[in-house]
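What follows is a short report on a single structure.
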Amino acid sequence: MVERKERSKGMHFVCKREDLKSGEARQFQVKGVKIAIVRIDDDFYAIGDICSHAKYYLSEGEVYKEEREIECWKHGSTFSLIDGKPQCLPATKPVPVFGVAIEGDDVFVTMERS
Ligand code: FES
């Protein structure tokens, strides 16, 4: 968890593309908010890292590439990386998702929730 400096256009640098392998999730902290950055092939997603069911980190769960979902390891709810909605119980509330921008090899997120 590394607090990163703010960049232009409201985007915040989080990591280099090569810092994550496809199918990997990793936690970053931006402006005090824990965010899971997930890579699936050349696509990157940013999702709130705390499960909406209880306080466990989604970045420690499994990534399902085909479904574009991440699983909470504690009780098994999966969340869409697209809109943050839970796909199965016990979680019933979505987690926030954030915008991602790639500039060269740099991965940025915006704290504007999408
Ligand atoms: S803590 Fe995530 S599903 Fe229960």
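Naming scheme: A, B, ... for chains in displayed order of the structure tokens; residues 1 onward per chain; ligands 1 onward as shown.
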
- Environment of ligand 1 within 6 Å, counting only C-alpha atoms and all ligand atoms, reported as a VMD selection string: chain A and resid 51 53 to 56 72 74 to 77 90 to 91

With N, CA and C atoms retained, write the just-selected residues as an mmCIF file, in the first residue's frame.
```cif
data_model
loop_
_atom_site.group_PDB
_atom_site.id
_atom_site.type_symbol
_atom_site.label_atom_id
_atom_site.label_comp_id
_atom_site.auth_asym_id
_atom_site.auth_seq_id
_atom_site.Cartn_x
_atom_site.Cartn_y
_atom_site.Cartn_z
ATOM 1 N N CYS A 51 -14.852 -5.551 0.784
ATOM 2 C CA CYS A 51 -16.107 -6.244 0.486
ATOM 3 C C CYS A 51 -17.268 -5.513 1.161
ATOM 4 N N HIS A 53 -19.888 -6.892 2.246
ATOM 5 C CA HIS A 53 -20.522 -7.766 3.249
ATOM 6 C C HIS A 53 -19.834 -7.638 4.600
ATOM 7 N N ALA A 54 -18.518 -7.610 4.598
ATOM 8 C CA ALA A 54 -17.734 -7.427 5.818
ATOM 9 C C ALA A 54 -16.366 -6.903 5.394
ATOM 10 N N LYS A 55 -15.562 -6.548 6.346
ATOM 11 C CA LYS A 55 -14.316 -5.846 6.018
ATOM 12 C C LYS A 55 -13.182 -6.822 5.675
ATOM 13 N N TYR A 56 -13.283 -7.374 4.496
ATOM 14 C CA TYR A 56 -12.214 -8.228 3.967
ATOM 15 C C TYR A 56 -11.818 -7.689 2.603
ATOM 16 N N CYS A 72 -14.686 -12.518 -3.239
ATOM 17 C CA CYS A 72 -14.287 -12.295 -1.854
ATOM 18 C C CYS A 72 -13.945 -13.654 -1.255
ATOM 19 N N LYS A 74 -13.571 -14.569 1.729
ATOM 20 C CA LYS A 74 -14.114 -14.915 3.045
ATOM 21 C C LYS A 74 -15.393 -15.755 2.940
ATOM 22 N N HIS A 75 -16.369 -15.278 2.163
ATOM 23 C CA HIS A 75 -17.643 -16.003 2.070
ATOM 24 C C HIS A 75 -18.051 -16.301 0.638
ATOM 25 N N GLY A 76 -17.257 -15.905 -0.332
ATOM 26 C CA GLY A 76 -17.496 -16.358 -1.697
ATOM 27 C C GLY A 76 -18.336 -15.487 -2.604
ATOM 28 N N SER A 77 -18.778 -14.328 -2.152
ATOM 29 C CA SER A 77 -19.478 -13.447 -3.092
ATOM 30 C C SER A 77 -18.510 -13.005 -4.182
ATOM 31 N N PRO A 90 -23.252 -14.001 -0.035
ATOM 32 C CA PRO A 90 -24.106 -13.237 0.865
ATOM 33 C C PRO A 90 -24.070 -11.719 0.654
ATOM 34 N N ALA A 91 -23.136 -11.179 -0.098
ATOM 35 C CA ALA A 91 -23.120 -9.730 -0.302
ATOM 36 C C ALA A 91 -24.342 -9.311 -1.121
#
```

Using only C-alpha atoms, I'd like a table of the residues in region 50-106 of chain A that come within 12 Å of region 14-20 of chain A; for each, show the closest atom pair and its distance in Å rounded to one decimal, ordered by chain and ascending number, as a Markdown table.
```
| residue | atom | partner | partner_atom | distance |
| --- | --- | --- | --- | --- |
| A:Ser59 | CA | A:Leu20 | CA | 12.0 |
| A:Val100 | CA | A:Val14 | CA | 9.9 |
| A:Ala101 | CA | A:Val14 | CA | 10.4 |
| A:Ile102 | CA | A:Arg17 | CA | 8.2 |
| A:Glu103 | CA | A:Arg17 | CA | 9.6 |
| A:Gly104 | CA | A:Arg17 | CA | 8.6 |
| A:Asp105 | CA | A:Arg17 | CA | 5.3 |
| A:Asp106 | CA | A:Lys16 | CA | 4.6 |
```

- Message: Give me, as a count of residues only, all polymer residues having an atom no more than 10 Å from Asp83 (chain A), counting only C-alpha atoms and skipping those fewer than 6 positions away in the same chain.
- Response: 8

- Name the residues in contact with region 32-38 of chain A at a cut-off of 10 Å, using only C-alpha atoms, excluding same-chain residues fewer than 4 positions from it; report them as a ChimeraX atom specification. /A:1-4,14-15,20-28,43-50,57-60,63,65,68-70,81,96-98,100,107-109,111

- Enumerate, as a ChimeraX atom specification, the complete set of residues in chain A that a backbone-based DSSP assignment places in strand (DSSP E or B). /A:3,6,11-16,24-30,33-40,43-48,50,57,63-64,69-71,78-80,86,97-103,106-113

- Message: Ranking A:Ser52, A:Gln29, A:Ile82, A:Gly61 by minimum distance to Gly99 (chain A) and counting only C-alpha atoms, which one comes first?
- Response: A:Ile82

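Secondary structure of region 10-67 of chain A, helix (DSSP H, G or I) only (DSSP, backbone atoms): Gly10, Arg17, Glu18, Asp19, Leu58, Ser59 and Glu60 of chain A.
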
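Here CA of Met11 (chain A) and CA of Lys31 (chain A) stand 11.2 Å from one another.
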
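You will find CA of Lys93 (chain A) at 26.1 Å from CA of His12 (chain A).
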